[in-house]
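**Q** input.cif (mmCIF, C-alpha atoms) pasted underneath:
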```cif
data_protein
loop_
_atom_site.label_atom_id
_atom_site.label_comp_id
_atom_site.auth_asym_id
_atom_site.auth_seq_id
_atom_site.Cartn_x
_atom_site.Cartn_y
_atom_site.Cartn_z
CA MET D 1 -5.60 18.44 7.38
CA ASP D 2 -2.20 17.47 5.96
CA PRO D 3 -1.40 18.49 2.41
CA ARG D 4 -1.78 15.65 -0.07
CA VAL D 5 1.27 14.36 -1.87
CA LYS D 6 0.85 13.26 -5.48
CA ALA D 7 0.54 9.48 -5.72
CA GLY D 8 3.48 9.03 -8.08
CA ILE D 9 5.79 11.00 -5.76
CA TRP D 10 4.58 9.04 -2.71
CA VAL D 11 5.21 5.72 -4.47
CA SER D 12 8.76 6.82 -5.40
CA MET D 13 9.41 7.80 -1.77
CA ALA D 14 8.10 4.47 -0.43
CA LEU D 15 10.23 2.48 -2.89
CA ARG D 16 13.29 4.53 -1.94
CA LEU D 17 12.70 3.90 1.77
CA SER D 18 12.29 0.20 1.06
CA ASP D 19 15.56 0.18 -0.87
CA ILE D 20 17.35 1.99 1.98
CA ALA D 21 16.00 -0.64 4.40
CA GLY D 22 17.43 -3.40 2.19
CA ARG D 23 14.03 -4.70 1.14
CA SER D 24 12.83 -4.99 -2.40
CA GLY D 25 9.81 -3.12 -3.64
CA ALA D 26 8.09 -2.91 -6.99
CA VAL D 27 5.22 -1.16 -8.71
CA LEU D 28 2.79 -3.88 -9.81
CA ARG D 29 0.34 -1.41 -11.33
CA LYS D 30 0.67 2.27 -12.16
CA GLY D 31 -2.32 4.43 -11.40
CA ASP D 32 -3.03 8.12 -11.82
CA PRO D 33 0.26 9.93 -11.07
CA ASP D 34 -1.48 12.85 -9.39
CA SER D 35 -4.50 11.60 -7.49
CA GLY D 36 -4.57 7.80 -7.65
CA GLY D 37 -5.17 5.77 -4.51
CA ILE D 38 -2.55 3.28 -3.33
CA LEU D 39 -2.60 -0.36 -2.26
CA CYS D 40 0.50 -1.76 -0.55
CA VAL D 41 1.06 -5.49 -0.78
CA LEU D 42 3.33 -6.72 2.03
CA ARG D 43 4.84 -10.16 1.38
CA GLY D 44 5.92 -11.77 4.62
CA ARG D 45 7.01 -15.14 5.95
CA GLU D 46 3.50 -15.85 7.26
CA GLY D 47 1.59 -14.71 4.17
CA ILE D 48 0.44 -11.49 2.56
CA VAL D 49 -1.25 -8.37 3.91
CA VAL D 50 -2.75 -5.78 1.57
CA LEU D 51 -3.01 -2.27 2.99
CA SER D 52 -5.42 0.23 1.51
CA GLN D 53 -4.71 3.96 1.74
CA VAL D 54 -7.37 5.85 3.73
CA ARG D 55 -7.73 8.97 5.86
CA ASP D 56 -8.42 8.92 9.61
CA ALA D 57 -11.16 10.96 11.30
CA GLU D 58 -8.91 14.06 11.31
CA GLY D 59 -8.02 13.70 7.63
CA ARG D 60 -4.50 12.38 8.20
CA PRO D 61 -3.11 9.61 5.98
CA ALA D 62 -3.60 6.12 7.39
CA TRP D 63 -3.80 2.51 6.18
CA LEU D 64 -6.48 -0.14 6.53
CA ARG D 65 -5.80 -3.87 6.41
CA GLY D 66 -7.94 -4.58 3.37
CA THR D 67 -7.40 -8.32 3.55
CA GLY D 68 -8.27 -8.52 7.25
CA PRO D 69 -6.30 -8.85 10.47
CA ALA D 70 -4.48 -12.09 9.56
CA PRO D 71 -2.12 -12.68 6.64
CA VAL D 72 -3.69 -14.33 3.57
CA ASP D 73 -2.44 -16.44 0.67
CA ASP D 74 -1.63 -15.25 -2.87
CA GLU D 75 -5.08 -16.11 -4.20
CA ALA D 76 -6.95 -14.07 -1.57
CA ALA D 77 -4.57 -11.12 -1.94
CA ASP D 78 -4.85 -11.16 -5.75
CA ALA D 79 -8.66 -11.34 -5.54
CA TYR D 80 -8.76 -8.34 -3.18
CA VAL D 81 -6.47 -6.30 -5.43
CA ALA D 82 -8.49 -7.20 -8.52
CA ARG D 83 -11.75 -6.10 -6.86
CA GLN D 84 -10.24 -2.78 -5.81
CA VAL D 85 -8.71 -2.09 -9.24
CA LYS D 86 -12.05 -2.87 -10.90
CA ARG D 87 -13.70 -0.34 -8.58
CA ASP D 88 -10.95 2.29 -8.99
CA PRO D 89 -8.99 2.17 -12.27
CA ASP D 90 -6.66 4.99 -11.07
CA LEU D 91 -5.28 2.80 -8.27
CA TRP D 92 -1.57 2.13 -7.76
CA VAL D 93 -0.47 -1.29 -6.50
CA VAL D 94 2.96 -1.43 -4.86
CA GLU D 95 4.52 -4.60 -3.43
CA PHE D 96 7.18 -4.79 -0.73
CA ASP D 97 9.27 -7.64 0.62
CA ALA D 98 8.31 -7.49 4.30
CA PRO D 99 9.26 -10.66 6.19
CA ASP D 100 7.89 -9.10 9.40
CA LEU D 101 4.81 -7.66 7.59
CA LYS D 102 5.85 -4.12 8.51
CA THR D 103 5.84 -1.23 6.08
CA PRO D 104 9.15 0.29 4.97
CA PHE D 105 7.57 3.72 5.52
CA GLU D 106 5.97 5.36 8.55
CA ALA D 107 2.34 4.22 8.69
CA THR D 108 -0.66 4.48 10.95
CA ILE D 109 -2.65 1.26 10.55
CA LEU D 110 -6.29 1.44 11.57
#
```
Could you take the file, read its structure, and then write that structure out as structure tokens?
**A**
Amino acid sequence: MDPRVKAGIWVSMALRLSDIAGRSGAVLRKGDPDSGGILCVLRGREGIVVLSQVRDAEGRPAWLRGTGPAPVDDEAADAYVARQVKRDPDLWVVEFDAPDLKTPFEATIL
């Protein structure tokens, strides 16, 4: 099992990688700096995808398309984020400009 990185440090790293790639990124909601979960909102040309942080069967970090396989509109993405935040008040929400709907960081998407 990989060691876990504190959520606040991971968010800073992801925003830095986004900046290096020339794409904007922003924290929409701060969660617990040590152990909060993370949602990544990817804004693309075709719509929005919200990725939810999970672990794969071996315990490695991975991402799940919380809003489904196809991009969704603002309303559906906002509703998904609101449901998740209601369930987990320690959750971080980070948004990235991603015209191609790809993450600015290395990610395994399940």
**Q** Pull out every residue that the PyMOL selection byres ((chain D and resi 32) around 8) matches in the shown coordinates and put them as an MDAnalysis selection string.
**A** chainID D and resid 7:8 30:31 33:37 90:92
**Q** Please compute the atom CA of D:Gly68-atom CA of D:Val49 distance, one decimal, in Å.
**A**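 Pair atom CA of D:Gly68 / atom CA of D:Val49 returns 7.8 Å.
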**Q** Atom CA of D:Arg45 and atom CA of D:Met13, how far apart in Å?
**A**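 Interatomic distance, atom CA of D:Met13 to atom CA of D:Arg45: 24.3 Å.
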**Q** So which one's closest to D:Val50, D:Leu15, D:Ile9, D:Ala62, D:Val81? Using all atoms listed in the file, please.
**A**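 Residue with the minimum atom-to-atom distance to D:Val50: D:Val81.
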**Q** Determine, counting all atoms listed in the file, which protein, DNA and RNA residues have an atom within 8 Å of an atom of stretch 52-54 of chain D; residues of the same chain fewer than 3 positions away are not included. Present the result as an MDAnalysis selection string.
**A** chainID D and resid 37:40 61:66
**Q** Evaluate the PyMOL selection byres ((chain D and resi 73) around 12) on the structure here and hand back the selected residues as a ChimeraX atom specification.
**A** /D:41-50,67-68,70-72,74-80
**Q** Of the candidates D:Leu51, D:Ala26, D:Gly59, D:Pro69, which one gets nearest to D:Ala14 if we count all atoms listed in the file?
**A** D:Ala26
**Q** Mind giving me the straight-line distance from atom CA of D:Ala82 to atom CA of D:Ala57 in Å, one decimal?
**A**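 Computing the Euclidean distance for atom CA of D:Ala82 and atom CA of D:Ala57 yields 27.0 Å.
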**Q** May I ask which of the residues D:Arg55, D:Val94, D:Gln84, D:Ser12 is the closest one to D:Val27, counting only C-alpha atoms?
**A**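 Comparing D:Arg55, D:Val94, D:Gln84, D:Ser12 against D:Val27, the winner is D:Val94.
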**Q** Stretch 23-30 of chain D, all listed atoms, 5 Å padding on each side: what axis-aligned box centre and edge lengths in Å to one decimal come out, as JSON?
**A**
```
{"center_x": 7.2, "center_y": -1.4, "center_z": -5.5, "size_x": 23.7, "size_y": 17.3, "size_z": 23.3}
```
**Q** Assuming the chain letters and numbering stay as they are in my file, what does the PyMOL selection byres ((chain D and resi 18) around 12) actually select? List them as a PyMOL selection string.
**A** chain D and resi 11-17+19-26+42+94-98+102-106
**Q** Output C-alpha atoms of each residue in that selection to a file, as a PDB file, in the coordinates of the input.
**A**
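New file selection.pdb:
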```pdb
ATOM      1  CA  VAL D  11       5.210   5.720  -4.470  1.00  0.00           C
ATOM      2  CA  SER D  12       8.760   6.820  -5.400  1.00  0.00           C
ATOM      3  CA  MET D  13       9.410   7.800  -1.770  1.00  0.00           C
ATOM      4  CA  ALA D  14       8.100   4.470  -0.430  1.00  0.00           C
ATOM      5  CA  LEU D  15      10.230   2.480  -2.890  1.00  0.00           C
ATOM      6  CA  ARG D  16      13.290   4.530  -1.940  1.00  0.00           C
ATOM      7  CA  LEU D  17      12.700   3.900   1.770  1.00  0.00           C
ATOM      8  CA  ASP D  19      15.560   0.180  -0.870  1.00  0.00           C
ATOM      9  CA  ILE D  20      17.350   1.990   1.980  1.00  0.00           C
ATOM     10  CA  ALA D  21      16.000  -0.640   4.400  1.00  0.00           C
ATOM     11  CA  GLY D  22      17.430  -3.400   2.190  1.00  0.00           C
ATOM     12  CA  ARG D  23      14.030  -4.700   1.140  1.00  0.00           C
ATOM     13  CA  SER D  24      12.830  -4.990  -2.400  1.00  0.00           C
ATOM     14  CA  GLY D  25       9.810  -3.120  -3.640  1.00  0.00           C
ATOM     15  CA  ALA D  26       8.090  -2.910  -6.990  1.00  0.00           C
ATOM     16  CA  LEU D  42       3.330  -6.720   2.030  1.00  0.00           C
ATOM     17  CA  VAL D  94       2.960  -1.430  -4.860  1.00  0.00           C
ATOM     18  CA  GLU D  95       4.520  -4.600  -3.430  1.00  0.00           C
ATOM     19  CA  PHE D  96       7.180  -4.790  -0.730  1.00  0.00           C
ATOM     20  CA  ASP D  97       9.270  -7.640   0.620  1.00  0.00           C
ATOM     21  CA  ALA D  98       8.310  -7.490   4.300  1.00  0.00           C
ATOM     22  CA  LYS D 102       5.850  -4.120   8.510  1.00  0.00           C
ATOM     23  CA  THR D 103       5.840  -1.230   6.080  1.00  0.00           C
ATOM     24  CA  PRO D 104       9.150   0.290   4.970  1.00  0.00           C
ATOM     25  CA  PHE D 105       7.570   3.720   5.520  1.00  0.00           C
ATOM     26  CA  GLU D 106       5.970   5.360   8.550  1.00  0.00           C
TER      27      GLU D 106
END
```
